[in-house]
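Visitor: entry.cif is reproduced in full below (mmCIF, C-alpha atoms).
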```
data_my_file
#
loop_
_atom_site.group_PDB
_atom_site.id
_atom_site.type_symbol
_atom_site.label_atom_id
_atom_site.label_comp_id
_atom_site.auth_asym_id
_atom_site.auth_seq_id
_atom_site.Cartn_x
_atom_site.Cartn_y
_atom_site.Cartn_z
ATOM 1 C CA MET F 120 0.000 0.000 0.000
ATOM 2 C CA GLU F 121 1.267 3.458 -0.861
ATOM 3 C CA THR F 122 2.144 5.814 1.960
ATOM 4 C CA ILE F 123 -0.710 8.241 2.636
ATOM 5 C CA ARG F 124 0.074 11.748 3.863
ATOM 6 C CA ALA F 125 -1.971 12.280 7.029
ATOM 7 C CA GLY F 126 -2.797 15.332 9.087
ATOM 8 C CA VAL F 127 -4.807 16.363 12.125
ATOM 9 C CA ALA F 128 -7.118 19.351 12.546
ATOM 10 C CA GLY F 129 -7.615 20.043 16.235
ATOM 11 C CA ALA F 130 -4.812 19.480 18.732
ATOM 12 C CA GLY F 131 -6.789 18.777 21.901
ATOM 13 C CA SER F 132 -6.659 15.440 23.718
ATOM 14 C CA MET F 133 -8.392 13.554 20.905
ATOM 15 C CA GLY F 134 -6.385 15.231 18.155
ATOM 16 C CA ARG F 135 -3.162 14.479 20.009
ATOM 17 C CA ASN F 136 -4.098 10.793 20.093
ATOM 18 C CA HIS F 137 -4.766 10.803 16.350
ATOM 19 C CA ALA F 138 -1.372 12.414 15.743
ATOM 20 C CA ARG F 139 0.279 9.764 17.944
ATOM 21 C CA VAL F 140 -1.302 6.891 16.020
ATOM 22 C CA TYR F 141 -0.585 8.377 12.579
ATOM 23 C CA SER F 142 3.060 8.619 13.583
ATOM 24 C CA LEU F 143 3.077 4.871 14.308
ATOM 25 C CA ILE F 144 0.864 2.989 11.839
ATOM 26 C CA PRO F 145 2.231 1.537 8.586
ATOM 27 C CA GLY F 146 1.018 3.165 5.413
ATOM 28 C CA ALA F 147 0.669 6.647 6.926
ATOM 29 C CA LYS F 148 3.036 9.562 7.355
ATOM 30 C CA LEU F 149 2.048 12.360 9.741
ATOM 31 C CA CYS F 150 2.651 15.548 7.788
ATOM 32 C CA GLY F 151 1.034 18.338 9.791
ATOM 33 C CA VAL F 152 -1.084 19.456 12.728
ATOM 34 C CA TYR F 153 -3.468 22.420 12.734
ATOM 35 C CA ASP F 154 -5.201 24.137 15.650
ATOM 36 C CA ALA F 155 -6.741 27.561 16.076
ATOM 37 C CA ASP F 156 -4.268 27.866 18.965
ATOM 38 C CA PHE F 157 -0.972 27.693 17.086
ATOM 39 C CA ALA F 158 1.036 27.044 20.261
ATOM 40 C CA ARG F 159 -1.013 23.920 20.945
ATOM 41 C CA ALA F 160 -0.542 22.708 17.363
ATOM 42 C CA GLN F 161 3.179 23.346 17.722
ATOM 43 C CA ALA F 162 3.413 21.323 20.942
ATOM 44 C CA VAL F 163 1.650 18.291 19.439
ATOM 45 C CA ALA F 164 3.618 18.540 16.189
ATOM 46 C CA GLU F 165 6.926 18.644 18.025
ATOM 47 C CA GLU F 166 5.936 15.682 20.199
ATOM 48 C CA PHE F 167 5.260 13.467 17.185
ATOM 49 C CA GLY F 168 7.880 14.684 14.741
ATOM 50 C CA THR F 169 5.902 16.772 12.294
ATOM 51 C CA VAL F 170 5.155 20.449 11.576
ATOM 52 C CA PRO F 171 2.462 22.802 12.902
ATOM 53 C CA VAL F 172 0.443 24.725 10.328
ATOM 54 C CA ALA F 173 -1.424 28.005 10.647
ATOM 55 C CA SER F 174 -4.389 27.322 8.347
ATOM 56 C CA LEU F 175 -6.618 24.616 6.908
ATOM 57 C CA GLU F 176 -5.336 25.560 3.451
ATOM 58 C CA GLU F 177 -1.786 24.763 4.496
ATOM 59 C CA LEU F 178 -2.879 21.514 6.135
ATOM 60 C CA ALA F 179 -4.727 20.387 2.987
ATOM 61 C CA GLN F 180 -1.632 21.078 0.892
ATOM 62 C CA LEU F 181 0.391 18.773 3.128
ATOM 63 C CA ALA F 182 -2.127 16.018 3.909
ATOM 64 C CA GLU F 183 -4.485 14.040 1.680
ATOM 65 C CA ALA F 184 -6.128 12.342 4.700
ATOM 66 C CA VAL F 185 -7.106 14.466 7.705
ATOM 67 C CA SER F 186 -8.609 13.622 11.081
ATOM 68 C CA VAL F 187 -10.943 16.385 12.229
ATOM 69 C CA ALA F 188 -10.970 16.635 16.034
ATOM 70 C CA VAL F 189 -12.188 20.197 16.518
ATOM 71 C CA PRO F 190 -15.199 21.131 18.713
ATOM 72 C CA THR F 191 -18.449 19.659 17.380
ATOM 73 C CA ILE F 192 -19.892 23.068 16.541
ATOM 74 C CA ALA F 193 -17.082 23.572 13.986
ATOM 75 C CA HIS F 194 -17.362 20.176 12.277
ATOM 76 C CA ARG F 195 -19.338 21.398 9.273
ATOM 77 C CA ASP F 196 -17.140 24.403 8.511
ATOM 78 C CA VAL F 197 -13.831 22.600 9.002
ATOM 79 C CA GLY F 198 -14.884 19.326 7.364
ATOM 80 C CA CYS F 199 -16.479 20.887 4.291
ATOM 81 C CA ARG F 200 -13.565 23.268 3.822
ATOM 82 C CA LEU F 201 -10.993 20.476 3.969
ATOM 83 C CA MET F 202 -12.911 18.345 1.472
ATOM 84 C CA GLU F 203 -13.265 21.333 -0.854
ATOM 85 C CA LEU F 204 -9.502 21.803 -0.570
ATOM 86 C CA GLY F 205 -8.959 18.182 -1.630
ATOM 87 C CA SER F 206 -8.552 16.184 1.576
ATOM 88 C CA HIS F 207 -10.362 13.015 2.612
ATOM 89 C CA ILE F 208 -11.516 13.288 6.215
ATOM 90 C CA LEU F 209 -12.177 11.233 9.303
ATOM 91 C CA MET F 210 -14.670 13.251 11.344
ATOM 92 C CA GLU F 211 -14.704 12.585 15.065
ATOM 93 C CA LYS F 212 -18.118 11.711 16.457
ATOM 94 C CA PRO F 213 -20.705 13.065 16.559
ATOM 95 C CA ILE F 214 -20.510 13.867 12.863
ATOM 96 C CA ALA F 215 -22.075 17.299 13.514
ATOM 97 C CA PRO F 216 -24.252 19.189 16.003
ATOM 98 C CA SER F 217 -27.325 19.048 13.740
ATOM 99 C CA VAL F 218 -28.841 16.841 11.052
ATOM 100 C CA GLU F 219 -28.602 19.774 8.639
ATOM 101 C CA ASP F 220 -24.851 20.079 9.228
ATOM 102 C CA ALA F 221 -24.434 16.306 8.890
ATOM 103 C CA ARG F 222 -26.223 16.341 5.533
ATOM 104 C CA ALA F 223 -24.017 19.209 4.368
ATOM 105 C CA LEU F 224 -20.930 17.130 5.167
ATOM 106 C CA VAL F 225 -22.336 14.065 3.384
ATOM 107 C CA ASP F 226 -23.325 16.163 0.356
ATOM 108 C CA THR F 227 -19.906 17.828 0.188
ATOM 109 C CA ALA F 228 -18.141 14.463 0.341
ATOM 110 C CA LYS F 229 -20.276 13.233 -2.553
ATOM 111 C CA LYS F 230 -19.808 16.409 -4.603
ATOM 112 C CA GLN F 231 -16.050 16.482 -4.063
ATOM 113 C CA ALA F 232 -15.689 12.664 -4.411
ATOM 114 C CA LYS F 233 -13.964 12.475 -1.018
ATOM 115 C CA ILE F 234 -14.052 9.816 1.673
ATOM 116 C CA LEU F 235 -15.932 10.841 4.806
ATOM 117 C CA GLN F 236 -15.445 8.402 7.661
ATOM 118 C CA VAL F 237 -17.048 9.053 11.042
ATOM 119 C CA GLY F 238 -15.098 8.260 14.194
ATOM 120 C CA HIS F 239 -17.378 5.771 15.921
ATOM 121 C CA ILE F 240 -14.403 4.020 17.441
ATOM 122 C CA GLU F 241 -16.254 1.089 19.021
ATOM 123 C CA ARG F 242 -16.929 -0.251 15.532
ATOM 124 C CA PHE F 243 -13.217 -1.067 15.509
ATOM 125 C CA ASN F 244 -13.106 -2.630 18.949
ATOM 126 C CA PRO F 245 -12.175 -6.310 18.440
ATOM 127 C CA VAL F 246 -15.113 -7.425 20.606
ATOM 128 C CA LEU F 247 -17.560 -6.134 18.002
ATOM 129 C CA ARG F 248 -16.373 -8.798 15.572
ATOM 130 C CA GLN F 249 -17.768 -11.395 17.968
ATOM 131 C CA LEU F 250 -21.195 -9.774 17.781
ATOM 132 C CA GLU F 251 -21.104 -9.496 14.012
ATOM 133 C CA GLN F 252 -20.031 -13.125 13.580
ATOM 134 C CA ARG F 253 -22.478 -14.713 16.013
ATOM 135 C CA LEU F 254 -25.679 -12.649 15.874
ATOM 136 C CA THR F 255 -28.353 -13.135 13.257
ATOM 137 C CA HIS F 256 -31.572 -11.873 14.884
ATOM 138 C CA PRO F 257 -31.014 -9.865 18.092
ATOM 139 C CA THR F 258 -34.168 -9.456 20.170
ATOM 140 C CA PHE F 259 -32.912 -7.511 23.201
ATOM 141 C CA ILE F 260 -29.828 -5.336 23.633
ATOM 142 C CA GLU F 261 -28.611 -3.764 26.848
ATOM 143 C CA ALA F 262 -25.695 -1.309 26.849
ATOM 144 C CA HIS F 263 -24.007 0.592 29.680
ATOM 145 C CA ARG F 264 -21.399 3.302 29.132
ATOM 146 C CA LEU F 265 -20.235 5.062 32.305
ATOM 147 C CA SER F 266 -17.274 7.310 33.003
ATOM 148 C CA PRO F 267 -16.043 9.969 35.433
ATOM 149 C CA PHE F 268 -16.511 13.556 34.275
ATOM 150 C CA PRO F 269 -14.156 13.948 31.282
ATOM 151 C CA ASN F 270 -13.540 17.740 31.287
ATOM 152 C CA ARG F 271 -13.970 17.656 27.517
ATOM 153 C CA SER F 272 -16.936 17.682 25.116
ATOM 154 C CA ILE F 273 -18.739 19.919 27.594
ATOM 155 C CA ASP F 274 -20.484 21.659 24.691
ATOM 156 C CA ILE F 275 -22.724 18.586 24.267
ATOM 157 C CA GLY F 276 -24.733 16.331 26.590
ATOM 158 C CA VAL F 277 -23.918 12.748 27.517
ATOM 159 C CA VAL F 278 -26.189 11.367 24.766
ATOM 160 C CA LEU F 279 -24.091 13.005 22.040
ATOM 161 C CA ASP F 280 -20.861 12.515 23.975
ATOM 162 C CA LEU F 281 -21.064 8.867 25.077
ATOM 163 C CA MET F 282 -24.373 7.176 24.314
ATOM 164 C CA ILE F 283 -24.036 7.823 20.585
ATOM 165 C CA HIS F 284 -21.315 5.131 20.427
ATOM 166 C CA ASP F 285 -23.807 2.470 21.484
ATOM 167 C CA LEU F 286 -26.615 3.939 19.391
ATOM 168 C CA GLU F 287 -24.515 3.611 16.232
ATOM 169 C CA ILE F 288 -23.578 0.021 17.058
ATOM 170 C CA ILE F 289 -27.208 -0.876 17.808
ATOM 171 C CA LEU F 290 -28.365 0.599 14.485
ATOM 172 C CA HIS F 291 -25.579 -1.388 12.775
ATOM 173 C CA LEU F 292 -26.659 -4.653 14.434
ATOM 174 C CA VAL F 293 -30.449 -4.351 14.279
ATOM 175 C CA ARG F 294 -30.937 -2.723 10.845
ATOM 176 C CA SER F 295 -34.656 -2.114 11.276
ATOM 177 C CA PRO F 296 -36.775 1.064 11.432
ATOM 178 C CA ILE F 297 -37.385 2.592 14.872
ATOM 179 C CA GLU F 298 -40.972 2.430 16.124
ATOM 180 C CA SER F 299 -40.752 4.204 19.479
ATOM 181 C CA ILE F 300 -38.343 5.827 21.934
ATOM 182 C CA ASP F 301 -38.667 6.459 25.670
ATOM 183 C CA ALA F 302 -35.904 8.476 27.312
ATOM 184 C CA VAL F 303 -34.971 10.260 30.515
ATOM 185 C CA GLY F 304 -31.946 12.364 31.423
ATOM 186 C CA VAL F 305 -30.629 14.446 34.306
ATOM 187 C CA PRO F 306 -28.236 17.415 34.257
ATOM 188 C CA VAL F 307 -25.821 17.395 37.197
ATOM 189 C CA LEU F 308 -22.642 19.341 36.423
ATOM 190 C CA MET F 309 -23.546 20.729 33.003
ATOM 191 C CA PRO F 310 -26.674 22.424 31.619
ATOM 192 C CA SER F 311 -27.213 19.408 29.338
ATOM 193 C CA GLU F 312 -27.861 15.891 30.606
ATOM 194 C CA ASP F 313 -24.977 14.105 32.363
ATOM 195 C CA ILE F 314 -26.920 10.860 32.922
ATOM 196 C CA ALA F 315 -29.362 9.400 30.412
ATOM 197 C CA ASN F 316 -31.321 6.260 29.619
ATOM 198 C CA ALA F 317 -33.180 5.395 26.425
ATOM 199 C CA ARG F 318 -35.410 2.467 25.512
ATOM 200 C CA ILE F 319 -35.714 1.980 21.758
ATOM 201 C CA ARG F 320 -38.203 -0.354 20.091
ATOM 202 C CA PHE F 321 -37.603 -1.455 16.490
ATOM 203 C CA ALA F 322 -40.095 -2.570 13.844
ATOM 204 C CA ASN F 323 -38.659 -6.102 13.824
ATOM 205 C CA GLY F 324 -39.434 -6.482 17.533
ATOM 206 C CA CYS F 325 -35.960 -5.881 18.931
ATOM 207 C CA VAL F 326 -35.737 -3.646 22.019
ATOM 208 C CA ALA F 327 -32.598 -1.807 23.128
ATOM 209 C CA ASN F 328 -32.059 -0.356 26.604
ATOM 210 C CA VAL F 329 -29.142 2.093 26.672
ATOM 211 C CA THR F 330 -27.630 3.896 29.673
ATOM 212 C CA ALA F 331 -24.877 6.509 29.686
ATOM 213 C CA SER F 332 -23.316 8.573 32.474
ATOM 214 C CA ARG F 333 -20.314 10.880 32.589
ATOM 215 C CA ILE F 334 -20.389 11.454 36.351
ATOM 216 C CA SER F 335 -19.838 7.873 37.470
ATOM 217 C CA PRO F 336 -17.027 6.981 39.915
ATOM 218 C CA GLU F 337 -16.207 3.990 37.706
ATOM 219 C CA LYS F 338 -15.638 3.385 34.018
ATOM 220 C CA MET F 339 -17.790 0.817 32.266
ATOM 221 C CA ARG F 340 -18.379 0.003 28.606
ATOM 222 C CA LYS F 341 -20.451 -3.161 28.314
ATOM 223 C CA ILE F 342 -23.075 -4.562 25.987
ATOM 224 C CA ARG F 343 -25.263 -7.658 26.197
ATOM 225 C CA VAL F 344 -27.107 -8.907 23.145
ATOM 226 C CA PHE F 345 -29.783 -11.598 23.339
ATOM 227 C CA GLN F 346 -31.352 -13.745 20.652
ATOM 228 C CA SER F 347 -33.372 -16.953 20.848
ATOM 229 C CA ASP F 348 -30.446 -19.391 20.805
ATOM 230 C CA CYS F 349 -27.760 -17.487 22.729
ATOM 231 C CA TYR F 350 -26.619 -14.237 24.252
ATOM 232 C CA LEU F 351 -23.278 -12.493 24.343
ATOM 233 C CA SER F 352 -21.947 -10.354 27.156
ATOM 234 C CA LEU F 353 -19.036 -8.208 26.025
ATOM 235 C CA ASP F 354 -16.776 -5.687 27.730
ATOM 236 C CA TYR F 355 -15.385 -3.093 25.304
ATOM 237 C CA GLN F 356 -12.984 -1.750 27.903
ATOM 238 C CA GLU F 357 -11.413 -5.086 28.809
ATOM 239 C CA GLN F 358 -11.871 -6.513 25.294
ATOM 240 C CA ALA F 359 -13.298 -9.683 26.776
ATOM 241 C CA GLY F 360 -16.618 -11.469 26.913
ATOM 242 C CA GLN F 361 -18.723 -14.569 27.357
ATOM 243 C CA ILE F 362 -21.250 -16.410 25.234
ATOM 244 C CA HIS F 363 -24.187 -18.253 26.820
ATOM 245 C CA TRP F 364 -26.346 -20.796 25.034
ATOM 246 C CA LYS F 365 -29.001 -23.399 25.822
ATOM 247 C CA GLU F 366 -28.044 -27.064 25.746
ATOM 248 C CA GLY F 367 -30.876 -29.385 26.750
ATOM 249 C CA MET F 368 -32.301 -27.991 29.973
ATOM 250 C CA SER F 369 -29.138 -26.170 31.033
ATOM 251 C CA ILE F 370 -27.318 -22.971 30.081
ATOM 252 C CA GLN F 371 -23.740 -23.389 28.922
ATOM 253 C CA ARG F 372 -21.112 -20.666 29.043
ATOM 254 C CA ALA F 373 -17.774 -20.111 27.345
ATOM 255 C CA GLU F 374 -15.231 -17.310 27.208
ATOM 256 C CA VAL F 375 -15.109 -15.411 23.944
ATOM 257 C CA GLU F 376 -11.662 -15.296 22.405
ATOM 258 C CA VAL F 377 -10.758 -11.733 21.472
ATOM 259 C CA GLU F 378 -7.564 -10.707 19.719
ATOM 260 C CA LYS F 379 -6.860 -7.525 21.644
ATOM 261 C CA ASP F 380 -5.742 -4.352 19.886
ATOM 262 C CA GLU F 381 -6.078 -0.576 20.178
ATOM 263 C CA PRO F 382 -9.379 0.475 18.551
ATOM 264 C CA LEU F 383 -8.013 3.889 17.515
ATOM 265 C CA LYS F 384 -5.141 2.240 15.692
ATOM 266 C CA LEU F 385 -7.559 -0.062 13.861
ATOM 267 C CA GLU F 386 -9.868 2.872 13.066
ATOM 268 C CA LEU F 387 -7.136 5.053 11.576
ATOM 269 C CA ALA F 388 -5.585 2.122 9.717
ATOM 270 C CA ALA F 389 -8.996 1.439 8.131
ATOM 271 C CA PHE F 390 -9.308 5.112 7.156
ATOM 272 C CA ILE F 391 -5.861 5.120 5.590
ATOM 273 C CA ALA F 392 -6.693 1.919 3.687
ATOM 274 C CA SER F 393 -9.926 3.485 2.387
ATOM 275 C CA VAL F 394 -7.986 6.500 1.102
ATOM 276 C CA ALA F 395 -5.275 4.317 -0.441
ATOM 277 C CA HIS F 396 -7.677 1.955 -2.210
ATOM 278 C CA GLY F 397 -10.655 4.249 -2.792
ATOM 279 C CA HIS F 398 -13.245 2.053 -1.097
ATOM 280 C CA ASP F 399 -16.096 3.065 1.217
ATOM 281 C CA PRO F 400 -15.146 3.572 4.876
ATOM 282 C CA ALA F 401 -16.328 1.206 7.599
ATOM 283 C CA VAL F 402 -18.509 3.951 9.128
ATOM 284 C CA THR F 403 -19.874 6.178 6.380
ATOM 285 C CA GLY F 404 -21.165 9.717 6.641
ATOM 286 C CA GLN F 405 -24.709 8.404 6.203
ATOM 287 C CA GLN F 406 -24.289 5.992 9.120
ATOM 288 C CA GLY F 407 -22.833 8.729 11.275
ATOM 289 C CA ALA F 408 -25.772 10.973 10.348
ATOM 290 C CA ALA F 409 -28.273 8.224 11.268
ATOM 291 C CA ALA F 410 -26.671 7.805 14.702
ATOM 292 C CA LEU F 411 -26.727 11.574 15.164
ATOM 293 C CA GLU F 412 -30.401 11.797 14.211
ATOM 294 C CA LEU F 413 -31.291 9.142 16.797
ATOM 295 C CA ALA F 414 -29.142 10.820 19.469
ATOM 296 C CA LEU F 415 -30.732 14.196 18.786
ATOM 297 C CA GLU F 416 -34.240 12.708 19.032
ATOM 298 C CA ILE F 417 -33.357 11.158 22.401
ATOM 299 C CA THR F 418 -31.946 14.512 23.507
ATOM 300 C CA ARG F 419 -35.145 16.265 22.333
ATOM 301 C CA ILE F 420 -37.304 13.861 24.334
ATOM 302 C CA ILE F 421 -35.170 14.426 27.429
ATOM 303 C CA HIS F 422 -35.274 18.209 27.143
ATOM 304 C CA ALA F 423 -39.038 18.211 26.531
ATOM 305 C CA GLN F 424 -39.555 16.736 29.999
ATOM 306 C CA ARG F 425 -37.951 19.657 31.817
#
```
What would the structure in this file look like if it were written as structure tokens?

Guide:
Amino acid sequence: METIRAGVAGAGSMGRNHARVYSLIPGAKLCGVYDADFARAQAVAEEFGTVPVASLEELAQLAEAVSVAVPTIAHRDVGCRLMELGSHILMEKPIAPSVEDARALVDTAKKQAKILQVGHIERFNPVLRQLEQRLTHPTFIEAHRLSPFPNRSIDIGVVLDLMIHDLEIILHLVRSPIESIDAVGVPVLMPSEDIANARIRFANGCVANVTASRISPEKMRKIRVFQSDCYLSLDYQEQAGQIHWKEGMSIQRAEVEVEKDEPLKLELAAFIASVAHGHDPAVTGQQGAAALELALEITRIIHAQR
């Protein structure tokens, strides 16, 4: 595979991680880092052996593949501009703050013939392969995503910050229209919700119960998926899990073998491969927009109860 020139727009904690991985993975060469705060771009660039740049135009000249890790409110402007300048982009989740902005990004990618991958990183967690390989007709899904307060992404609520990861995976697994949504959320430290729960019913009968919190004393990222012949219990954080199935009148259990790896490394390697070979990304702009639309509807339901 040819070496792809990679760059990063946004040098916060997430952007720094993207720069770190680009500097390590085969097939990519980190060529530049941009941030509205040039000193921050300079610090990240120096740490990972590349150059800071003062504009998106300069970044696009250096990099054909760019991770966009700026605040969500700027996703549309930065993403569309980079694609118009000729770069393929990986947009950190959520794809945008509104469905309108998400559609603008998708339309620009199509018009400019550029790859738009959305950074739903759990799609690249090795445990997800176990779900994809073993599930054919999920009937009930339960997901928990808890973390201490992150001191980042404070411009959005916990649904758009954390729950959206599980929403995108659930849409990917169930692939059926949504019939109804019940949701509740509570603001604690921020004006938007810091704890939320949603119960989603699909047309094919599947029900998903999803909980997210960013004020928990512990970190948890778990999902359980049930179907008639088995259920899987998987831990994204530990990259481990168990499968349970019926055998006669008893329930059998076995550990799920997971080949552990860093999801961000797998995500960026997939993006680089898409750019190199010109194929669709694993998480398309349309899929990112669908997850956003569901997350925004859950957020609307929560806010309507106040």

Visitor: Within 8 Å of range 231-252 of chain F, which residues of range 270-387 of chain F come that close, and what is the closest atom pair and distance in Å for each? Count all atoms listed in the file and give it as CSV.

Guide:
```
residue,atom,partner,partner_atom,distance
F:His284,CA,F:His239,CA,6.0
F:Glu287,CA,F:His239,CA,7.5
F:Ile288,CA,F:Arg242,CA,6.8
F:Leu292,CA,F:Glu251,CA,7.4
F:Leu351,CA,F:Leu250,CA,7.4
F:Leu353,CA,F:Val246,CA,6.7
F:Asp354,CA,F:Val246,CA,7.5
F:Tyr355,CA,F:Val246,CA,6.4
F:Gln358,CA,F:Val246,CA,5.8
F:Ala359,CA,F:Val246,CA,6.8
F:Gly360,CA,F:Val246,CA,7.6
F:Val375,CA,F:Gln249,CA,7.7
F:Val377,CA,F:Val246,CA,6.2
F:Glu378,CA,F:Pro245,CA,6.5
F:Lys379,CA,F:Pro245,CA,6.3
F:Asp380,CA,F:Pro245,CA,6.9
F:Glu381,CA,F:Asn244,CA,7.4
F:Pro382,CA,F:Asn244,CA,4.9
F:Leu383,CA,F:Ile240,CA,6.4
F:Leu385,CA,F:Phe243,CA,6.0
F:Glu386,CA,F:Phe243,CA,5.7
```

Visitor: What would the list of residues within 10 Å of (-2.9, 16.0, 22.7) (file frame) look like as a list in words, if only C-alpha atoms are what count?

Guide: Gly129, Ala130, Gly131, Ser132, Met133, Gly134, Arg135, Asn136, His137, Ala138, Arg139, Arg159, Ala160, Ala162, Val163, Ala164 and Glu166 of chain F

Visitor: Any idea what's packed within 8 Å of Phe321 in chain F, counting all atoms listed in the file, ignoring anything in its chain fewer than 5 positions away? Could you give it as a list in words?

Guide: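 What passes the distance filter is Ser295, Pro296, Ile297, Glu298, Ser299 and Val326 of chain F.
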
Visitor: I'd like the neighbourhood of Ala373 in chain F as a ChimeraX atom specification, where a residue qualifies if any of its atoms comes within 12 Å (using all atoms listed in the file), though same-chain residues fewer than 6 positions away should be ignored.

Guide: /F:349-352,359-365

Visitor: I'd like to see the residues matched by the PyMOL selection byres ((chain F and resi 412) around 12) on this file, and ideally I'd get them as a ChimeraX atom specification.

Guide: /F:213-222,278-279,283,286-287,290,297,405-411,413-419

Visitor: Take every atom of range 176-195 of chain F listed in the file, fit an axis-aligned box around them, add 4 Å per side, and give the centre and edge lengths in Å to one decimal as AutoDock Vina command-line options.

Guide:
```
--center_x -9.8 --center_y 19.0 --center_z 9.8 --size_x 28.3 --size_y 21.2 --size_z 25.8
```

Visitor: Have a look at F:Val185, F:Val225, F:Ala128, F:Leu175 and name the one nearest to Lys148 in chain F; count only C-alpha atoms.

Guide: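 Answer, going by the shortest atom-to-atom distance: F:Val185.
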
Visitor: Find, counting only C-alpha atoms, the residue in F:Val394, F:Met309, F:Val152, F:Val140 that gets nearest to Ile123 in chain F.

Guide: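 Using only C-alpha atoms, Ile123 in chain F sits closest to F:Val394.
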
Visitor: Can you work out the spacing between CA of Val293 in chain F and CA of Leu254 in chain F in Å, to one decimal?

Guide: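 CA of Leu254 in chain F lies 9.7 Å from CA of Val293 in chain F.
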
Visitor: Since I can't run it myself right now, could you work out what the PyMOL selection byres ((chain F and resi 125) around 12) selects here and report it as JSON, numbers by chain?

Guide: {"F": [122, 123, 124, 126, 127, 128, 137, 138, 139, 140, 141, 142, 143, 144, 145, 146, 147, 148, 149, 150, 151, 152, 153, 169, 170, 178, 179, 180, 181, 182, 183, 184, 185, 186, 187, 206, 207, 208, 209, 387, 388, 390, 391, 392, 394, 395]}

Visitor: Translate the PyMOL selection byres ((chain F and resi 255-272) around 7), as applied to the file shown, into an explicit residue set as a PDB file with C-alpha atoms, in the frame of the given file.

Guide:
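The result, written out as selection-v8.pdb:
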```pdb
ATOM      1  CA  ARG F 253     -22.478 -14.713  16.013  1.00  0.00           C
ATOM      2  CA  LEU F 254     -25.679 -12.649  15.874  1.00  0.00           C
ATOM      3  CA  ILE F 273     -18.739  19.919  27.594  1.00  0.00           C
ATOM      4  CA  ASP F 274     -20.484  21.659  24.691  1.00  0.00           C
ATOM      5  CA  ILE F 275     -22.724  18.586  24.267  1.00  0.00           C
ATOM      6  CA  ASP F 280     -20.861  12.515  23.975  1.00  0.00           C
ATOM      7  CA  LEU F 281     -21.064   8.867  25.077  1.00  0.00           C
ATOM      8  CA  MET F 282     -24.373   7.176  24.314  1.00  0.00           C
ATOM      9  CA  ASP F 285     -23.807   2.470  21.484  1.00  0.00           C
ATOM     10  CA  VAL F 293     -30.449  -4.351  14.279  1.00  0.00           C
ATOM     11  CA  GLY F 324     -39.434  -6.482  17.533  1.00  0.00           C
ATOM     12  CA  CYS F 325     -35.960  -5.881  18.931  1.00  0.00           C
ATOM     13  CA  VAL F 326     -35.737  -3.646  22.019  1.00  0.00           C
ATOM     14  CA  ALA F 327     -32.598  -1.807  23.128  1.00  0.00           C
ATOM     15  CA  ASN F 328     -32.059  -0.356  26.604  1.00  0.00           C
ATOM     16  CA  VAL F 329     -29.142   2.093  26.672  1.00  0.00           C
ATOM     17  CA  THR F 330     -27.630   3.896  29.673  1.00  0.00           C
ATOM     18  CA  ALA F 331     -24.877   6.509  29.686  1.00  0.00           C
ATOM     19  CA  SER F 332     -23.316   8.573  32.474  1.00  0.00           C
ATOM     20  CA  ARG F 333     -20.314  10.880  32.589  1.00  0.00           C
ATOM     21  CA  ILE F 334     -20.389  11.454  36.351  1.00  0.00           C
ATOM     22  CA  SER F 335     -19.838   7.873  37.470  1.00  0.00           C
ATOM     23  CA  PRO F 336     -17.027   6.981  39.915  1.00  0.00           C
ATOM     24  CA  GLU F 337     -16.207   3.990  37.706  1.00  0.00           C
ATOM     25  CA  LYS F 338     -15.638   3.385  34.018  1.00  0.00           C
ATOM     26  CA  MET F 339     -17.790   0.817  32.266  1.00  0.00           C
ATOM     27  CA  ARG F 340     -18.379   0.003  28.606  1.00  0.00           C
ATOM     28  CA  LYS F 341     -20.451  -3.161  28.314  1.00  0.00           C
ATOM     29  CA  ILE F 342     -23.075  -4.562  25.987  1.00  0.00           C
ATOM     30  CA  ARG F 343     -25.263  -7.658  26.197  1.00  0.00           C
ATOM     31  CA  VAL F 344     -27.107  -8.907  23.145  1.00  0.00           C
ATOM     32  CA  PHE F 345     -29.783 -11.598  23.339  1.00  0.00           C
ATOM     33  CA  GLN F 346     -31.352 -13.745  20.652  1.00  0.00           C
TER      34      GLN F 346
END
```
